[in-house]
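**Q** Got a structure for you, written out below as structure tokens; questions coming shortly.
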Amino acid sequence: MATEILWWIFAAAIVGTALGVVFSGSVIHSAIFLILSLAGVGAMYLFLMVEFLALVQFLIYGGAVTVLILLALMLTRMGAGEKVNGSQAPAGFMVAVALAAILVSVAVRTAWPGDTGDMPHNIAIEAVSEKLFLDFGAPFVIASALLLVALIGAIVLARQEDGE
Amino acid sequence: MNGASPLPFGDVFFGWSWLDAIIRIVIVVLIMTVVVVYLTYGERKVVARIQQRLGPNRVGPWGLLQGFADAIKLLIKEDIRPRAADRWVFEFAPFLTFIPVLMVLAALPFARDWGVRNVTLGLLFVNAALGLNIVGIMMAGLGSGNKYALLGGVRAAAQMISYEIPLVISIICVAMVAGTLDLNAIAILQEDRPFLLLQPLAFVIFFTAMLSELHRAPFDIPVAESEIVGGYFVEYSGIRWSMFQLTEYASLWAFSIFGSVVFLGGWEFPMGSDWGWGWQLFLTFVKSLAWIIAVMWVRTTVPRLRIDQLMSFCWKVLLPMSLVQLLMNGFILVYDWPQELLTLTSGIGAAALVGFILYRTARHPSVAHLVGAYKRAGAQAQ
């Protein structure tokens with residue numbers, strides 16, 4: 001019972017802050033709402049008793065991704081009263097509706113396997129690391145090589161030296 | 001979530017353990033307040049001693065009540081909000097910077113099995129909480145409506161993103177040796193020798209990156225008074241400014257306890273389990289005190305770096321060295337080579353790193369790529 005009440009409180013908080021991301025007037029407020037929303041999702045992982053996933057959610061989304069967004073905002077020139085929506089707003093709205101329709105229809109049609117209570121929870125970190133580094137070692141290495149290529153590509157694109 | 005099979009997790013929220021957690025966190029926060037008050041006093045005294053001054057000596061015997069006088073002054077000061085500030089971002093920023101520090105304090109072991117909560121993934125938890133640290137600082141920088149605050153926020157963000165990587169890798173090196181992320185278990189593993197002896201290179205990297213995370217000299221670029229008049233908290237006053245100060249000293253304290261658990265053996269190293277909790281608390285106290293005094297000592301000795309020096313030191317020196325340590329640990333631990341080899345390789349690495357820093361300090365700097373005033377100053381130095 002208590003868990004259910006808390007679950008609903010957090011669910012409402014996540015949806016509320018997600019709406020704040022979309023409807024707030026300034027980009028900075030949107031970014032801060034995004035942090036709160038992602039932190040709420042991290043708390044949801046705690047309810048599902050997957051601590052590792054919750055901590056990674058805080059570390060990667062709360063700590064890294066949104067900080068990069070805020071850093072990018074600081075380096076751009078944004079006035080306080082600047083309009084967030086430009087002339088492309090109708091197109092953006094249509095894409096958002098289409099995406100939401102696809103996601104909702106997929107979520108409704110999928111046969112979810114059983115109840116959340118039956119799912120494995122609090123998996124030991126040793127088991128996670130064995131799966132990641134031994135059983136799926138090759139995909140892990142390939143993914144990291146891909147990220148490295150993307151990183152070098154970004155540096156090459158960003159640092160155009162004179163005469164290139 | 002059907003009512004038939006509720007998750008047992010609600011127990012944690014509405015049982016006696018909830019009350020127990022509240023009592024423990026109140027104790028920790030009270031101790032933290034006293035520690036912070038005396039850290040401000042202690043820092044002024046230590047810095048004064050090194051600079052051959054007296055330091056605060058008027059309020060109470062030896063100036064011991066100076067910190068409380070300062071706290072009262074700060075609390076009754078007017079709280080000013082600039083008109084250009086983004087109201088809610090500005091007002092919530094100081095409190096949001098404090099939350100991550102509180103989260104870290106909740107996971108630290110002060111004595112055997114005594115912390116607010118012993119988290120199984122303690123090391124990861126501390127890192128995750130420290131990653132959120134920057135959000136409040138950036139909110140302060142963005143919300144103040146002040147160019148200096150914005151510059152301070154940008155500097156803090158760039159610096160913390162860069163130095164977080166060597167910091168985390170150096171902690172991962174220790175976690176590899178320990179084979180666990182549980183802070184209590186890590187302390188117990190150091191019964192015979194602290195991990196400092198096995199991983200000196202990781203220790204040097206951790207200490208350096210920690211100075212940067214704490215915005216301590218020589219890495220106090222985001223809060224440099226002579227360059228950007230105080231950085232991201234330039235517009236704050238009164239209680240909100242004191243929240244930033246509280247966060248700074250509380251995180252210094254938290255980092256010193258965390259570092260002493262990870263590298264110096266925490267409450268365990270000499271005879272911790274045998275001599276009881278009083279000795280364990282004493283060990284924690286002495287180690288964190290030594291750690292804090294070392295931080296203040298560095299602060300008064302080394303001049304502030306330039307931002308390009310800071311960045312190239314992180315990416316070209318600390319990060320490769322930490323990766324070398326990670327690789328060496330991997331080889332030695334996978335092939336079960338003796339632990340002395342860890343000490344040897346890491347010791348050579350640490351000696352090389354410290355030697356490199358000393359060499360760079362001793363030789364004349366090149367002025368080839370500098371411009372303007374820097375070039376003239378460099379030429380005069382030669």
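Just so we're on the same page: first chain in the structure tokens is A, next is B, and so on; residues restart at 1 for each chain, and ligands are numbered from 1 in the order they show up.
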Env of Thr66 of chain A: 12 Å cut, atoms = only C-alpha atoms, seq-sep filter 6 positions within chain, self excluded. Answer as number ranges by chain.

**A** A: 28-39, 57-60, 72-73; B: 131-132, 134-136, 138-139, 157, 161

**Q** With only C-alpha atoms counted and 9 Å as the cut-off, give the residues of chain A in contact with chain B, each with its shortest interatomic distance in Å and the pair that gives it, as a Markdown table.

**A**
| residue | atom | partner | partner_atom | distance |
| --- | --- | --- | --- | --- |
| A:Met1 | CA | B:Pro6 | CA | 7.0 |
| A:Ala2 | CA | B:Gly10 | CA | 5.7 |
| A:Thr3 | CA | B:Gly10 | CA | 4.6 |
| A:Glu4 | CA | B:Met1 | CA | 7.1 |
| A:Leu6 | CA | B:Gly10 | CA | 8.5 |
| A:Trp7 | CA | B:Met1 | CA | 8.8 |
| A:Ile28 | CA | B:Leu142 | CA | 7.8 |
| A:His29 | CA | B:Val89 | CA | 7.8 |
| A:Ile32 | CA | B:Met139 | CA | 8.2 |
| A:Ile35 | CA | B:Val135 | CA | 8.7 |
| A:Leu46 | CA | B:Phe9 | CA | 8.7 |
| A:Phe47 | CA | B:Phe9 | CA | 6.7 |
| A:Leu48 | CA | B:Leu7 | CA | 8.0 |
| A:Met49 | CA | B:Phe9 | CA | 7.6 |
| A:Glu51 | CA | B:Leu121 | CA | 8.2 |
| A:Phe52 | CA | B:Leu121 | CA | 7.5 |
| A:Leu55 | CA | B:Ala128 | CA | 6.1 |
| A:Val56 | CA | B:Ala128 | CA | 7.2 |
| A:Gln57 | CA | B:Ala128 | CA | 8.6 |
| A:Phe58 | CA | B:Ala128 | CA | 5.9 |
| A:Leu59 | CA | B:Ala128 | CA | 4.4 |
| A:Ile60 | CA | B:Ala128 | CA | 8.2 |
| A:Gly62 | CA | B:Leu132 | CA | 6.3 |
| A:Gly63 | CA | B:Gly131 | CA | 4.5 |
| A:Ala64 | CA | B:Gly131 | CA | 7.1 |
| A:Thr66 | CA | B:Val135 | CA | 8.4 |
| A:Val67 | CA | B:Val135 | CA | 6.7 |
| A:Leu68 | CA | B:Ala157 | CA | 8.6 |
| A:Leu70 | CA | B:Met138 | CA | 7.3 |
| A:Leu71 | CA | B:Val154 | CA | 6.6 |
| A:Leu73 | CA | B:Leu142 | CA | 8.9 |
| A:Met74 | CA | B:Val154 | CA | 6.6 |
| A:Leu75 | CA | B:Val154 | CA | 7.8 |
| A:Ala80 | CA | B:Asp86 | CA | 8.2 |
| A:Asp115 | CA | B:Met1 | CA | 7.7 |
| A:Thr116 | CA | B:Met1 | CA | 7.3 |
| A:Gly117 | CA | B:Leu7 | CA | 6.2 |
| A:Ile125 | CA | B:Leu121 | CA | 8.2 |
| A:Glu126 | CA | B:Thr180 | CA | 8.8 |

**Q** Nearest to Ser242 of chain B: which of B:Met210, B:Ile292, B:Leu64, B:Ala71 is it, counting only C-alpha atoms?

**A** B:Ala71

**Q** Which residue out of A:Phe23, A:Tyr61, A:Phe10, A:Phe136 has the minimum interatomic distance to Ala43 of chain A when only C-alpha atoms are used?

**A**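 Of the candidates, the smallest distance to Ala43 of chain A is held by A:Phe10.
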
**Q** Which residues are close to Val204 of chain B, i.e. within 10 Å by only C-alpha atoms, leaving aside same-chain residues fewer than 5 positions away? Reply as a PDB file with C-alpha atoms, in the first residue's frame.

**A**
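The resulting part.pdb:
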ATOM      1  CA  SER B 170      41.498   6.094  -9.945  1.00  0.00           C
ATOM      2  CA  LEU B 196      47.815   3.609  -0.476  1.00  0.00           C
ATOM      3  CA  GLN B 199      48.053   2.015  -5.457  1.00  0.00           C
ATOM      4  CA  ALA B 209      41.434  15.410  -9.154  1.00  0.00           C
ATOM      5  CA  MET B 210      39.792  15.877  -5.757  1.00  0.00           C
ATOM      6  CA  LEU B 318      46.272  12.613 -15.426  1.00  0.00           C
ATOM      7  CA  SER B 322      45.143   6.706 -14.729  1.00  0.00           C
ATOM      8  CA  GLY B 349      54.094   5.473 -11.934  1.00  0.00           C
ATOM      9  CA  ALA B 350      53.557   7.781  -8.955  1.00  0.00           C
ATOM     10  CA  ALA B 351      57.260   8.666  -8.842  1.00  0.00           C
ATOM     11  CA  LEU B 353      54.088  11.623 -12.201  1.00  0.00           C
ATOM     12  CA  VAL B 354      55.441  13.584  -9.238  1.00  0.00           C
TER      13      VAL B 354
END

**Q** If I take atom CA of Asp79 of chain B and atom CA of Tyr236 of chain B, how far is one from the other in Å, to one decimal?

**A**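 Distance between the two atoms: 7.7 Å.
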
**Q** Applying 9 Å and only C-alpha atoms, which residues near Leu323 of chain B remain after dropping the ones on its own chain fewer than 3 positions away? List them as a VMD selection string.

**A** chain B and resid 166 169 to 170 318 to 320 326 to 328

**Q** Just the selected residues (N, CA and C atoms), exported as an mmCIF file, in the first residue's frame, please.

**A**
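Output (out-v6.cif):
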data_model
loop_
_atom_site.group_PDB
_atom_site.id
_atom_site.type_symbol
_atom_site.label_atom_id
_atom_site.label_comp_id
_atom_site.auth_asym_id
_atom_site.auth_seq_id
_atom_site.Cartn_x
_atom_site.Cartn_y
_atom_site.Cartn_z
ATOM 1 N N PRO B 166 39.520 11.194 -14.548
ATOM 2 C CA PRO B 166 40.621 10.583 -13.795
ATOM 3 C C PRO B 166 40.238 10.216 -12.369
ATOM 4 N N ILE B 169 38.340 6.945 -12.587
ATOM 5 C CA ILE B 169 39.216 5.833 -12.978
ATOM 6 C C ILE B 169 40.131 5.446 -11.829
ATOM 7 N N SER B 170 40.620 6.436 -11.064
ATOM 8 C CA SER B 170 41.498 6.094 -9.945
ATOM 9 C C SER B 170 40.724 5.310 -8.880
ATOM 10 N N LEU B 318 46.995 13.437 -16.404
ATOM 11 C CA LEU B 318 46.272 12.613 -15.426
ATOM 12 C C LEU B 318 45.522 11.467 -16.076
ATOM 13 N N LEU B 319 44.816 11.748 -17.198
ATOM 14 C CA LEU B 319 43.995 10.702 -17.815
ATOM 15 C C LEU B 319 44.845 9.553 -18.352
ATOM 16 N N PRO B 320 45.931 9.810 -19.127
ATOM 17 C CA PRO B 320 46.766 8.689 -19.564
ATOM 18 C C PRO B 320 47.371 7.916 -18.400
ATOM 19 N N LEU B 326 45.117 1.533 -14.666
ATOM 20 C CA LEU B 326 44.004 0.595 -14.875
ATOM 21 C C LEU B 326 44.486 -0.634 -15.627
ATOM 22 N N LEU B 327 45.284 -0.415 -16.690
ATOM 23 C CA LEU B 327 45.772 -1.514 -17.521
ATOM 24 C C LEU B 327 46.704 -2.419 -16.719
ATOM 25 N N MET B 328 47.637 -1.799 -15.955
ATOM 26 C CA MET B 328 48.575 -2.593 -15.165
ATOM 27 C C MET B 328 47.825 -3.436 -14.134
#

**Q** Which parts of segment 188-347 of chain B does DSSP call helix (DSSP H, G or I) when run on the backbone here, written out as a PyMOL selection string?

**A** chain B and resi 188-189+195-198+200-213+221-223+225-228+231-233+238-262+276-301+307-334+339-347

**Q** Please provide as a ChimeraX atom specification all residues within 12 Å of Glu227 of chain B, with the sequence filter that same-chain residues fewer than 3 positions apart are discarded (counting only C-alpha atoms).

**A** /B:148-149,151-152,155,220-224,230-231,234,304-307
